[in-house]
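What's in work36.cif: mmCIF, C-alpha atoms
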```
data_target
#
loop_
_atom_site.label_atom_id
_atom_site.label_comp_id
_atom_site.auth_asym_id
_atom_site.auth_seq_id
_atom_site.Cartn_x
_atom_site.Cartn_y
_atom_site.Cartn_z
CA MET A 76 19.73 9.92 45.42
CA PRO A 77 16.24 11.36 45.03
CA GLY A 78 16.48 11.43 41.25
CA ASN A 79 17.39 7.75 41.06
CA ALA A 80 14.60 6.73 43.42
CA LYS A 81 12.07 8.69 41.40
CA LEU A 82 13.25 7.06 38.16
CA ARG A 83 13.15 3.63 39.72
CA ARG A 84 9.66 4.26 41.03
CA SER A 85 8.35 5.39 37.67
CA VAL A 86 9.92 2.40 35.91
CA MET A 87 8.45 0.04 38.50
CA PHE A 88 5.05 1.68 38.18
CA GLN A 89 5.15 1.15 34.45
CA ALA A 90 6.31 -2.45 34.84
CA VAL A 91 3.49 -3.19 37.29
CA LEU A 92 1.02 -1.56 34.96
CA LEU A 93 2.25 -3.71 32.11
CA VAL A 94 1.97 -6.92 34.10
CA VAL A 95 -1.52 -6.01 35.30
CA LEU A 96 -2.57 -5.21 31.78
CA MET A 97 -1.21 -8.43 30.35
CA LEU A 98 -3.04 -10.48 32.95
CA ALA A 99 -6.30 -8.64 32.80
CA SER A 100 -6.39 -7.92 29.11
CA SER A 101 -9.73 -8.57 27.58
CA ASN A 102 -10.11 -10.03 24.14
CA ALA A 103 -10.87 -6.65 22.73
CA PRO A 104 -9.71 -6.67 19.13
CA VAL A 105 -7.46 -3.69 18.92
CA GLY A 106 -5.65 -3.44 15.63
CA ASP A 107 -1.96 -3.71 15.02
CA ALA A 108 -0.06 -0.50 15.19
CA ILE A 109 2.92 0.30 13.05
CA TRP A 110 5.62 2.79 13.81
CA LEU A 111 6.87 5.12 11.17
CA ASN A 112 9.72 7.59 11.15
CA VAL A 113 8.65 11.00 9.99
CA PRO A 114 11.68 12.79 8.52
CA PRO A 115 12.53 16.28 9.76
CA THR A 116 11.88 17.74 6.31
CA GLY A 117 9.29 16.51 3.90
CA THR A 118 6.19 14.49 4.54
CA LYS A 119 5.63 10.83 5.15
CA CYS A 120 2.46 9.51 3.59
CA VAL A 121 0.66 6.22 3.83
CA SER A 122 -2.17 5.41 1.52
CA GLU A 123 -4.64 2.67 0.96
CA GLU A 124 -7.09 1.79 -1.75
CA ILE A 125 -10.46 1.45 -0.03
CA GLN A 126 -13.87 0.65 -1.46
CA SER A 127 -16.85 2.83 -0.71
CA ASN A 128 -18.98 2.48 2.40
CA VAL A 129 -16.19 1.19 4.61
CA VAL A 130 -15.56 2.45 8.14
CA VAL A 131 -12.02 3.69 8.72
CA LEU A 132 -10.70 4.24 12.22
CA SER A 133 -7.25 5.51 12.95
CA ASP A 134 -5.20 6.63 15.88
CA TYR A 135 -1.75 8.19 15.83
CA VAL A 136 0.53 9.15 18.67
CA VAL A 137 4.05 10.52 18.71
CA VAL A 138 6.48 8.23 20.48
CA SER A 139 9.37 9.87 22.19
CA ASP A 140 11.95 8.64 24.65
CA ASP A 141 12.62 11.79 26.55
CA HIS A 142 9.78 13.01 28.70
CA GLY A 143 10.67 16.65 28.65
CA HIS A 144 10.23 17.55 25.03
CA VAL A 145 7.71 15.64 22.94
CA PRO A 146 7.94 16.71 19.30
CA THR A 147 4.70 17.62 17.57
CA ILE A 148 3.55 16.64 14.13
CA SER A 149 0.80 17.62 11.77
CA ALA A 150 -1.50 15.21 10.04
CA LYS A 151 -3.73 15.45 7.03
CA VAL A 152 -6.07 12.88 5.51
CA THR A 153 -7.48 13.33 2.02
CA SER A 154 -10.05 11.40 0.07
CA PRO A 155 -9.40 10.28 -3.53
CA TYR A 156 -11.44 13.24 -4.83
CA GLY A 157 -9.32 15.67 -2.86
CA ASN A 158 -11.66 16.35 0.04
CA ASN A 159 -9.95 17.06 3.32
CA LEU A 160 -11.16 14.54 5.88
CA HIS A 161 -8.91 15.38 8.81
CA HIS A 162 -6.36 18.10 9.36
CA LYS A 163 -4.54 18.82 12.57
CA GLU A 164 -1.42 20.84 13.24
CA ASN A 165 1.06 20.77 16.11
CA VAL A 166 -0.30 17.77 17.96
CA THR A 167 1.30 14.84 19.67
CA HIS A 168 -1.64 12.52 19.21
CA GLY A 169 -4.91 12.43 17.39
CA GLN A 170 -7.52 10.21 15.89
CA PHE A 171 -9.93 10.26 13.05
CA ALA A 172 -12.84 8.14 11.89
CA PHE A 173 -14.90 8.33 8.74
CA THR A 174 -17.00 6.22 6.42
CA THR A 175 -15.71 6.21 2.87
CA GLN A 176 -18.06 7.77 0.37
CA GLU A 177 -16.11 6.94 -2.74
CA ALA A 178 -13.81 4.11 -3.72
CA GLY A 179 -10.21 5.05 -4.31
CA ASN A 180 -6.90 5.89 -2.77
CA TYR A 181 -7.07 7.48 0.68
CA LEU A 182 -3.94 9.30 1.74
CA ALA A 183 -2.79 10.14 5.27
CA CYS A 184 0.24 12.40 5.48
CA PHE A 185 2.38 13.37 8.45
CA TRP A 186 5.03 16.02 8.73
CA THR A 187 6.99 17.63 11.53
CA ASP A 188 6.27 21.19 12.47
CA SER A 189 8.69 23.95 11.77
CA HIS A 190 9.51 24.73 15.36
CA THR A 191 10.36 21.17 16.33
CA ARG A 192 12.44 20.67 13.23
CA GLY A 193 16.05 19.85 13.90
CA ALA A 194 15.10 17.19 16.41
CA GLY A 195 15.77 14.52 13.82
CA GLU A 196 13.26 11.91 12.85
CA VAL A 197 10.07 11.65 14.85
CA SER A 198 8.56 8.24 15.52
CA VAL A 199 4.83 8.07 15.09
CA ASN A 200 2.72 5.13 16.15
CA ILE A 201 -0.14 4.74 13.69
CA GLU A 202 -3.07 2.44 14.19
CA TRP A 203 -5.12 2.00 11.06
CA LYS A 204 -8.26 -0.10 11.04
CA THR A 205 -10.71 -0.50 8.20
CA GLY A 206 -13.84 -2.51 7.72
CA ILE A 207 -14.34 -5.42 10.04
CA ALA A 208 -11.40 -4.50 12.27
CA ALA A 209 -13.02 -1.16 13.04
CA LYS A 210 -16.23 -2.74 14.25
CA ASP A 211 -17.13 -1.99 17.83
CA TRP A 212 -17.68 -5.42 19.33
CA GLU A 213 -18.21 -4.08 22.82
CA SER A 214 -21.41 -2.34 21.83
CA VAL A 215 -22.62 -5.42 19.96
CA ALA A 216 -21.96 -7.54 23.05
CA ARG A 217 -23.80 -5.06 25.23
CA LYS A 218 -26.74 -4.65 22.90
CA GLU A 219 -27.35 -8.34 22.32
CA LYS A 220 -26.19 -9.38 25.79
CA ILE A 221 -23.75 -12.02 24.63
CA GLU A 222 -20.29 -12.63 25.90
CA GLY A 223 -17.41 -15.03 26.09
CA VAL A 224 -17.28 -17.75 23.49
CA GLU A 225 -20.33 -16.46 21.66
CA ILE A 226 -18.83 -13.05 20.97
CA GLU A 227 -15.62 -14.68 19.82
CA LEU A 228 -17.59 -16.80 17.38
CA ARG A 229 -19.40 -13.69 16.20
CA LYS A 230 -16.04 -12.10 15.48
CA LEU A 231 -15.02 -15.16 13.52
CA GLU A 232 -18.25 -14.92 11.55
CA GLY A 233 -17.49 -11.28 10.81
CA ALA A 234 -14.00 -12.20 9.66
CA VAL A 235 -15.35 -14.89 7.34
CA GLU A 236 -17.84 -12.44 5.85
CA ALA A 237 -15.06 -9.95 5.27
CA ILE A 238 -13.04 -12.65 3.51
CA HIS A 239 -16.01 -13.49 1.32
CA GLU A 240 -16.51 -9.84 0.40
CA ASN A 241 -12.84 -9.48 -0.46
CA LEU A 242 -13.04 -12.53 -2.69
CA LEU A 243 -16.03 -11.11 -4.53
CA TYR A 244 -14.19 -7.84 -4.97
CA LEU A 245 -11.14 -9.61 -6.35
CA ARG A 246 -13.34 -11.58 -8.71
CA ASP A 247 -14.97 -8.41 -10.02
CA ARG A 248 -11.60 -6.76 -10.53
CA GLU A 249 -10.37 -9.82 -12.37
CA ALA A 250 -13.42 -9.71 -14.64
CA GLU A 251 -12.76 -6.05 -15.44
CA MET A 252 -9.15 -6.76 -16.19
CA ARG A 253 -10.10 -9.67 -18.41
CA THR A 254 -12.35 -7.34 -20.40
CA THR A 255 -9.53 -4.84 -20.77
CA SER A 256 -7.12 -7.56 -21.87
CA GLU A 257 -9.50 -8.92 -24.44
CA ASN A 258 -10.15 -5.42 -25.76
CA THR A 259 -6.45 -4.75 -26.05
CA ASN A 260 -5.97 -8.07 -27.79
CA ALA A 261 -8.64 -7.26 -30.37
CA ARG A 262 -7.26 -3.77 -30.80
CA VAL A 263 -3.72 -4.97 -31.46
CA ALA A 264 -5.00 -7.19 -34.26
CA TRP A 265 -7.20 -4.48 -35.77
CA PHE A 266 -4.62 -1.74 -35.55
CA SER A 267 -1.92 -3.88 -37.15
CA ILE A 268 -4.15 -4.73 -40.10
CA MET A 269 -5.15 -1.09 -40.35
CA SER A 270 -1.53 -0.08 -40.28
CA LEU A 271 -0.83 -2.39 -43.22
CA GLY A 272 -3.85 -0.93 -44.97
CA ILE A 273 -2.70 2.64 -44.34
CA CYS A 274 0.77 1.75 -45.59
CA ILE A 275 -0.64 0.39 -48.84
CA VAL A 276 -3.02 3.32 -49.27
CA VAL A 277 -0.33 5.90 -48.62
CA SER A 278 2.20 4.35 -50.95
CA GLY A 279 -0.49 3.86 -53.62
CA SER A 280 -1.48 7.52 -53.41
CA GLN A 281 2.18 8.54 -53.54
CA ILE A 282 2.71 6.63 -56.76
CA TRP A 283 -0.52 7.94 -58.24
CA TYR A 284 0.28 11.51 -57.35
CA LEU A 285 3.81 11.35 -58.70
CA LYS A 286 2.57 9.79 -61.91
CA CYS A 287 0.07 12.64 -62.38
CA TYR A 288 2.78 15.15 -61.52
CA PHE A 289 5.27 13.78 -64.01
CA GLN A 290 2.64 13.54 -66.71
CA LYS A 291 1.76 17.15 -66.05
CA LYS A 292 5.37 18.15 -66.28
CA LYS A 293 5.61 16.16 -69.50
CA LEU A 294 8.52 14.13 -68.16
CA ILE A 295 6.84 10.76 -68.83
CA MET B 165 3.50 14.14 34.32
CA GLU B 166 1.02 14.52 31.49
CA SER B 167 3.48 13.21 28.94
CA LYS B 168 4.10 10.19 31.14
CA TRP B 169 0.37 9.43 31.22
CA ARG B 170 0.20 9.92 27.48
CA LYS B 171 3.04 7.47 27.06
CA ILE B 172 1.30 5.00 29.35
CA TRP B 173 -1.93 5.30 27.38
CA GLY B 174 0.11 4.74 24.26
CA LEU B 175 1.55 1.61 25.82
CA ILE B 176 -1.92 0.49 26.90
CA GLY B 177 -3.15 0.96 23.38
CA LEU B 178 -0.31 -1.14 22.05
CA LEU B 179 -0.45 -3.81 24.68
CA LEU B 180 -4.18 -4.47 24.97
CA LEU B 181 -3.83 -7.29 22.54
CA ASN B 182 -4.69 -10.85 23.08
CA PHE B 183 -6.08 -11.80 19.75
CA VAL B 184 -4.46 -9.50 17.27
CA ASN B 185 -6.60 -8.17 14.46
CA ASN B 186 -5.61 -7.39 10.95
CA VAL B 187 -4.23 -4.14 9.75
CA SER B 188 -5.13 -2.93 6.32
CA SER B 189 -2.67 -3.20 3.53
CA LEU B 190 -0.94 0.17 3.56
CA SER B 191 1.06 1.72 0.77
CA LEU B 192 4.19 3.65 1.43
CA THR B 193 6.27 5.64 -1.01
CA ILE B 194 9.96 5.14 -0.43
CA THR B 195 12.75 7.25 -1.83
CA LYS B 196 15.93 5.71 -0.48
CA VAL B 197 15.40 3.73 2.71
CA ASP B 198 12.22 3.49 4.67
CA CYS B 199 11.45 1.37 7.67
CA VAL B 200 8.27 0.22 9.31
CA TYR B 201 8.38 -0.92 12.91
CA GLU B 202 6.08 -3.32 14.72
CA ILE B 203 6.03 -4.35 18.31
CA VAL B 204 5.78 -8.08 18.93
CA ARG B 205 4.24 -8.52 22.30
CA SER B 206 5.35 -11.99 23.25
CA GLU B 207 8.00 -14.39 22.14
CA GLY B 208 6.79 -17.18 19.90
CA ASP B 209 4.27 -15.08 18.02
CA ILE B 210 4.06 -15.84 14.33
CA VAL B 211 4.79 -12.75 12.26
CA SER B 212 3.54 -13.06 8.70
CA GLY B 213 3.19 -10.55 5.97
CA ASN B 214 3.83 -9.62 2.40
CA PHE B 215 4.77 -6.65 0.31
CA VAL B 216 4.34 -5.78 -3.34
CA VAL B 217 6.10 -3.05 -5.27
CA VAL B 218 3.23 -1.20 -6.91
CA ASP B 219 4.80 1.67 -8.75
CA HIS B 220 6.98 -0.25 -11.10
CA HIS B 221 7.75 2.27 -13.79
CA ILE B 222 8.54 0.07 -16.70
CA PHE B 223 9.58 2.30 -19.54
CA TRP B 224 11.74 0.80 -22.24
CA SER B 225 12.89 -2.26 -20.41
CA SER B 226 11.69 -4.13 -17.37
CA ASP B 227 15.23 -4.00 -16.13
CA HIS B 228 14.45 -2.54 -12.75
CA PRO B 229 16.81 -3.95 -10.11
CA GLY B 230 13.99 -4.32 -7.61
CA ILE B 231 13.71 -3.38 -3.99
CA ASP B 232 15.82 -4.74 -1.15
CA PHE B 233 13.91 -5.86 1.90
CA SER B 234 15.22 -6.81 5.32
CA ILE B 235 13.74 -7.72 8.68
CA THR B 236 15.72 -6.89 11.79
CA SER B 237 14.95 -8.35 15.19
CA PRO B 238 15.12 -6.18 18.34
CA GLY B 239 18.49 -7.69 19.18
CA GLY B 240 19.94 -6.32 15.97
CA GLY B 241 20.18 -9.58 14.05
CA ILE B 242 18.87 -9.70 10.50
CA LEU B 243 16.16 -12.32 10.19
CA HIS B 244 15.35 -12.03 6.54
CA ASN B 245 17.16 -10.40 3.67
CA LEU B 246 15.89 -10.16 0.11
CA LYS B 247 17.64 -8.33 -2.67
CA GLY B 248 16.08 -7.14 -5.87
CA THR B 249 12.51 -8.30 -5.45
CA SER B 250 9.27 -6.89 -6.69
CA GLY B 251 7.20 -8.41 -3.94
CA ASP B 252 7.30 -11.36 -1.62
CA LYS B 253 5.65 -13.11 1.31
CA PHE B 254 7.37 -13.81 4.59
CA SER B 255 6.52 -15.62 7.77
CA PHE B 256 8.60 -16.35 10.83
CA LYS B 257 8.29 -17.16 14.48
CA ALA B 258 9.47 -14.26 16.60
CA PRO B 259 12.49 -15.39 18.64
CA ARG B 260 11.93 -12.65 21.19
CA SER B 261 9.50 -9.88 21.94
CA GLY B 262 10.23 -6.28 21.13
CA LEU B 263 10.41 -3.90 18.24
CA TYR B 264 10.89 -5.49 14.85
CA GLN B 265 12.10 -3.44 11.93
CA PHE B 266 10.97 -4.02 8.35
CA CYS B 267 13.17 -2.01 5.99
CA PHE B 268 12.86 -1.32 2.30
CA HIS B 269 15.81 -0.03 0.39
CA ASN B 270 15.49 1.51 -3.06
CA PRO B 271 18.71 1.35 -5.09
CA LEU B 272 17.49 3.81 -7.71
CA SER B 273 16.57 7.42 -7.16
CA THR B 274 13.01 7.24 -8.48
CA PRO B 275 10.49 6.86 -5.66
CA GLU B 276 8.62 3.59 -5.55
CA THR B 277 5.35 2.75 -3.85
CA ILE B 278 5.19 -0.39 -1.78
CA ALA B 279 1.99 -2.00 -0.51
CA PHE B 280 2.75 -4.01 2.61
CA TYR B 281 0.78 -5.96 5.15
CA ILE B 282 2.10 -7.30 8.42
CA HIS B 283 0.17 -9.52 10.80
CA ILE B 284 1.28 -10.73 14.19
CA GLY B 285 -0.57 -13.79 15.35
CA HIS B 286 -0.71 -14.74 18.98
CA ILE B 287 -2.19 -17.92 20.34
CA PRO B 288 -2.62 -17.83 24.10
CA ASN B 289 -0.84 -20.59 25.90
CA GLU B 290 -0.07 -21.60 29.44
CA HIS B 291 3.02 -19.40 29.74
CA ASN B 292 1.16 -16.12 29.68
CA LEU B 293 -1.21 -16.76 32.53
CA ALA B 294 -0.80 -16.55 36.23
CA LYS B 295 -0.41 -19.76 38.15
CA ASN B 296 -3.99 -20.08 39.35
CA GLU B 297 -5.67 -19.13 36.09
CA HIS B 298 -6.98 -21.84 33.85
CA LEU B 299 -6.92 -21.70 30.08
CA ASP B 300 -10.15 -22.73 28.44
CA PRO B 301 -9.26 -25.07 25.55
CA ILE B 302 -12.10 -23.60 23.51
CA ILE B 303 -10.43 -20.21 23.63
CA VAL B 304 -7.22 -21.75 22.30
CA LYS B 305 -9.10 -23.48 19.50
CA ILE B 306 -10.90 -20.30 18.61
CA ALA B 307 -7.58 -18.48 18.55
CA GLU B 308 -6.16 -21.08 16.17
CA LEU B 309 -9.23 -20.75 13.96
CA ARG B 310 -8.82 -17.02 14.02
CA GLU B 311 -5.19 -17.34 12.98
CA ALA B 312 -6.16 -19.59 10.08
CA LEU B 313 -8.65 -16.98 8.92
CA GLU B 314 -6.03 -14.30 9.28
CA ALA B 315 -3.74 -16.37 7.05
CA VAL B 316 -6.45 -16.31 4.39
CA THR B 317 -6.83 -12.56 4.83
CA THR B 318 -3.07 -12.06 4.52
CA GLU B 319 -3.08 -13.99 1.27
CA GLN B 320 -6.00 -11.91 0.03
CA LYS B 321 -4.16 -8.68 0.71
CA TYR B 322 -1.24 -10.02 -1.30
CA LEU B 323 -3.53 -10.99 -4.17
CA LYS B 324 -5.21 -7.62 -4.06
CA ALA B 325 -1.89 -5.79 -4.30
CA ARG B 326 -0.69 -8.04 -7.14
CA ASP B 327 -3.98 -7.51 -8.93
CA ALA B 328 -3.49 -3.75 -8.65
CA VAL B 329 -0.02 -4.03 -10.23
CA HIS B 330 -1.35 -6.24 -13.01
CA ARG B 331 -4.15 -3.82 -13.65
CA ARG B 332 -1.70 -0.95 -14.03
CA THR B 333 0.35 -2.94 -16.53
CA ASN B 334 -2.80 -3.75 -18.48
CA GLU B 335 -4.00 -0.19 -18.63
CA SER B 336 -0.54 0.97 -19.60
CA THR B 337 -0.53 -1.59 -22.42
CA LYS B 338 -3.91 -0.37 -23.60
CA THR B 339 -2.76 3.24 -23.63
CA ARG B 340 0.46 2.31 -25.37
CA VAL B 341 -1.31 0.32 -28.07
CA ILE B 342 -3.62 3.18 -28.92
CA GLY B 343 -1.04 5.93 -28.55
CA TYR B 344 1.79 4.29 -30.42
CA THR B 345 -0.42 3.04 -33.26
CA VAL B 346 -2.03 6.40 -33.90
CA GLY B 347 1.41 7.99 -33.69
CA GLU B 348 2.68 5.44 -36.17
CA TYR B 349 -0.09 6.29 -38.65
CA ILE B 350 0.55 9.99 -38.37
CA LEU B 351 4.29 9.57 -38.78
CA LEU B 352 3.81 7.33 -41.79
CA THR B 353 1.57 9.87 -43.46
CA ILE B 354 3.96 12.70 -42.69
CA ALA B 355 6.94 10.72 -43.99
CA SER B 356 5.24 9.93 -47.26
CA VAL B 357 4.05 13.50 -47.72
CA LEU B 358 7.59 14.69 -47.11
CA GLN B 359 8.85 12.16 -49.65
CA VAL B 360 6.47 13.51 -52.27
CA VAL B 361 7.38 17.09 -51.49
CA TYR B 362 11.06 16.28 -51.76
CA ILE B 363 10.66 14.55 -55.10
CA ARG B 364 8.65 17.49 -56.37
CA ARG B 365 11.38 19.87 -55.37
CA LEU B 366 14.03 17.75 -57.06
CA PHE B 367 12.16 17.73 -60.28
CA SER B 368 10.96 21.31 -60.25
CA LYS B 369 14.49 22.63 -59.84
CA SER B 370 16.01 20.51 -62.55
CA VAL B 371 13.37 20.95 -65.22
CA GLY B 372 15.15 22.38 -68.12
CA TYR B 373 18.82 21.54 -67.75
CA ASN B 374 19.53 18.43 -65.71
CA ARG B 375 17.50 15.30 -66.34
CA ILE B 376 17.78 13.09 -63.21
#
```
Same coordinates, now as structure tokens:
Amino acid sequence: MPGNAKLRRSVMFQAVLLVVLMLASSNAPVGDAIWLNVPPTGTKCVSEEIQSNVVVLSDYVVVSDDHGHVPTISAKVTSPYGNNLHHKENVTHGQFAFTTQEAGNYLACFWTDSHTRGAGEVSVNIEWKTGIAAKDWESVARKEKIEGVEIELRKLEGAVEAIHENLLYLRDREAEMRTTSENTNARVAWFSIMSLGICIVVSGSQIWYLKCYFQKKKLI
Amino acid sequence: MESKWRKIWGLIGLLLLNFVNNVSSLSLTITKVDCVYEIVRSEGDIVSGNFVVVDHHIFWSSDHPGIDFSITSPGGGILHNLKGTSGDKFSFKAPRSGLYQFCFHNPLSTPETIAFYIHIGHIPNEHNLAKNEHLDPIIVKIAELREALEAVTTEQKYLKARDAVHRRTNESTKTRVIGYTVGEYILLTIASVLQVVYIRRLFSKSVGYNRI
């Protein structure tokens, strides 16, 4: 049957492509991609807390099994101050890249469009790379004319630097939190003593006032 | 035809992995059940990751039942099942390649935010190459070194998420201390003023006939 032969050919073509890719794949560090299910109504958001001056690279593509009708989604990325960094409607794939200006929570939201609603959940493949993972090693290799083991060691060096930076960041956060804890500790002590003081003052003034009142009323 | 090419490019994007790089620690808000899927390219890859429940709304009691977490392999078997946790680490060797499912289930109706990080580590070995290709042992060693560094990074993401939760608790404590103490002072003052007013009223009514 012609339909069967065509299907078999396309499947074989894909299988051959896969095998070729697996054999010839370079060590290009492409990030992990996660799949999410975007519900037919409502939005699905992923967020991340990112420091300032970090490169963010992301790629999203709608995954569908049937070739005829690929559902479309809309995507929106906002910075922690509310600025709109990327906004696209009715697309099946897209990508965005930016350097963070401020530290905070960056939010990327996806939702299905109104005319493809009713198709159930849409699977979206999201690739999200920040910092060292978003670095373009190909251009570094080309610019400095290094390759092979040397570029791999460079990548390791980059990874170690990123780990070091993360550690410093964690240490700073821990120092801030320690300050907050110590402040709270001091405040608890002060406020409790003050509360005792206020209690005494208030009851003392009550007694004094009532005494004056009764003396005025000539009851004492 | 175009959609087929798009799908192939999608597959290329997913499959051009030899040394897998890290993904940032993403946060997801779940209402009832939410799943994250990852494709494991080859059997024997070490999948490691962690998740932390960030939005733990502790109000009067820290009696939250926690989040249920489960990992399902592409064959349908459940690899890992945790009930009622507020965060955990996991690591396993993928028994087969394919699409792995990481599901979070929220027993309560309030939405919770979960920060998760999943890393799939692949060390090239003899199985993946064609018969006449030779595997440079340096490349394998570098891959192992890379995986060790990725383990450190995974741990750091976990620490970062836990630190964020701890920070929220701390700031909430600070706000509560100030808020509740000032409220306590005001209430105390109001109560004593009301006491005085009440006593005044008692005595002003009964002056004359009824000595209390």
Item checked: Between CA of His330 in chain B and CA of Thr249 in chain B - distance in Å to one decimal -> 15.9 Å
Margin query: Running the PyMOL selection byres ((chain B and resi 326) around 12) on this model by hand, what would come out? Give it as a PyMOL selection string.
Written below: (chain A and resi 245+248-249) or (chain B and resi 189+214-220+250-253+278-280+319-325+327-333)
Let's have the selection written as an mmCIF file, keeping the file's coordinate frame, with C-alpha atoms.
```
data_model
loop_
_atom_site.group_PDB
_atom_site.id
_atom_site.type_symbol
_atom_site.label_atom_id
_atom_site.label_comp_id
_atom_site.auth_asym_id
_atom_site.auth_seq_id
_atom_site.Cartn_x
_atom_site.Cartn_y
_atom_site.Cartn_z
ATOM 1 C CA LEU A 245 -11.140 -9.610 -6.350
ATOM 2 C CA ARG A 248 -11.600 -6.760 -10.530
ATOM 3 C CA GLU A 249 -10.370 -9.820 -12.370
ATOM 4 C CA SER B 189 -2.670 -3.200 3.530
ATOM 5 C CA ASN B 214 3.830 -9.620 2.400
ATOM 6 C CA PHE B 215 4.770 -6.650 0.310
ATOM 7 C CA VAL B 216 4.340 -5.780 -3.340
ATOM 8 C CA VAL B 217 6.100 -3.050 -5.270
ATOM 9 C CA VAL B 218 3.230 -1.200 -6.910
ATOM 10 C CA ASP B 219 4.800 1.670 -8.750
ATOM 11 C CA HIS B 220 6.980 -0.250 -11.100
ATOM 12 C CA SER B 250 9.270 -6.890 -6.690
ATOM 13 C CA GLY B 251 7.200 -8.410 -3.940
ATOM 14 C CA ASP B 252 7.300 -11.360 -1.620
ATOM 15 C CA LYS B 253 5.650 -13.110 1.310
ATOM 16 C CA ILE B 278 5.190 -0.390 -1.780
ATOM 17 C CA ALA B 279 1.990 -2.000 -0.510
ATOM 18 C CA PHE B 280 2.750 -4.010 2.610
ATOM 19 C CA GLU B 319 -3.080 -13.990 1.270
ATOM 20 C CA GLN B 320 -6.000 -11.910 0.030
ATOM 21 C CA LYS B 321 -4.160 -8.680 0.710
ATOM 22 C CA TYR B 322 -1.240 -10.020 -1.300
ATOM 23 C CA LEU B 323 -3.530 -10.990 -4.170
ATOM 24 C CA LYS B 324 -5.210 -7.620 -4.060
ATOM 25 C CA ALA B 325 -1.890 -5.790 -4.300
ATOM 26 C CA ASP B 327 -3.980 -7.510 -8.930
ATOM 27 C CA ALA B 328 -3.490 -3.750 -8.650
ATOM 28 C CA VAL B 329 -0.020 -4.030 -10.230
ATOM 29 C CA HIS B 330 -1.350 -6.240 -13.010
ATOM 30 C CA ARG B 331 -4.150 -3.820 -13.650
ATOM 31 C CA ARG B 332 -1.700 -0.950 -14.030
ATOM 32 C CA THR B 333 0.350 -2.940 -16.530
#
```
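Taking CA of Thr167 in chain A and CA of Pro275 in chain B as endpoints, the distance between them is 28.1 Å.
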Checklist line | Explicit residue set for the PyMOL selection byres ((chain A and resi 181-184) around 8), as a list in words | finding: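 In the shown coordinates, the PyMOL selection byres ((chain A and resi 181-184) around 8) covers Thr118, Lys119, Cys120, Val121, Ser122, Glu123, Glu124, Ile125, Ala150, Lys151, Val152, Thr153, Ser154, Pro155, Gly179, Asn180, Phe185 and Trp186 of chain A.
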Note to self: Since I can't run it myself right now, could you work out what the PyMOL selection byres ((chain B and resi 309) around 12) selects here and report it as number ranges by chain?
What the structure shows: A: 227-228, 230-232, 234-235; B: 183, 285-287, 302-308, 310-316
Item checked: Two-atom distance - CA of His228 in chain B, CA of His269 in chain B (Å) -> 13.4 Å
Note to self: Give me, as an MDAnalysis selection string, all polymer residues having an atom no more than 7 Å from Lys196 in chain B, counting all atoms listed in the file and skipping those fewer than 3 positions away in the same chain.
What the structure shows: chainID B and resid 269:271 273
Write a file of the just-selected residues containing C-alpha atoms, as a PDB file, in the frame of the given file.
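selection15.pdb, written as the output of this step:
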```
ATOM      1  CA  HIS B 269      15.810  -0.030   0.390  1.00  0.00           C
ATOM      2  CA  ASN B 270      15.490   1.510  -3.060  1.00  0.00           C
ATOM      3  CA  PRO B 271      18.710   1.350  -5.090  1.00  0.00           C
ATOM      4  CA  SER B 273      16.570   7.420  -7.160  1.00  0.00           C
TER       5      SER B 273
END
```
Check: With distances taken over only C-alpha atoms, which of A:Phe289, A:Tyr156, A:Trp110, A:Trp283 is nearest to chain B?
Finding: A:Trp110
Produce a table with one row for each residue of range 173-234 of chain A that has an atom at most 10 Å from any atom of range 197-206 of chain B, each row naming the nearest atom pair and its distance in Å at one decimal; use all atoms listed in the file; arrange rows by chain and rising residue number; format as a tab-separated table.
```
residue	atom	partner	partner_atom	distance
A:Ser198	CA	B:Tyr201	CA	9.5
A:Val199	CA	B:Tyr201	CA	9.9
A:Asn200	CA	B:Tyr201	CA	8.9
```
Put those residues in a file: C-alpha atoms, as a PDB file, keeping the file's coordinate frame.
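Produced file out-v6.pdb, reproduced below:
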```pdb
ATOM      1  CA  SER A 198       8.560   8.240  15.520  1.00  0.00           C
ATOM      2  CA  VAL A 199       4.830   8.070  15.090  1.00  0.00           C
ATOM      3  CA  ASN A 200       2.720   5.130  16.150  1.00  0.00           C
TER       4      ASN A 200
END
```
Check: With all atoms listed in the file as the atoms that count, which of B:Leu263, B:Leu192, B:Leu299, B:Ile342 lies nearest to chain A?
Finding: B:Leu192
Margin query: Between A:Leu243, A:Leu160, A:Leu132, A:Val224, which residue has the minimum interatomic distance to chain B, considering all atoms listed in the file?
Written below: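 Distance minimum relative to chain B lands on A:Val224.
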Check: Looking at all atoms listed in the file, which of A:Val137, A:Ile148, A:Cys287, A:Met269 is the one that sits closest to Thr345 in chain B?
Finding: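 Closest candidate: A:Met269.
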Margin query: Could you check the closest approach to chain A for each of B:Pro301, B:Leu272, B:Ile350, B:Lys338 and tell me which residue wins, using all atoms listed in the file?
Written below: B:Lys338
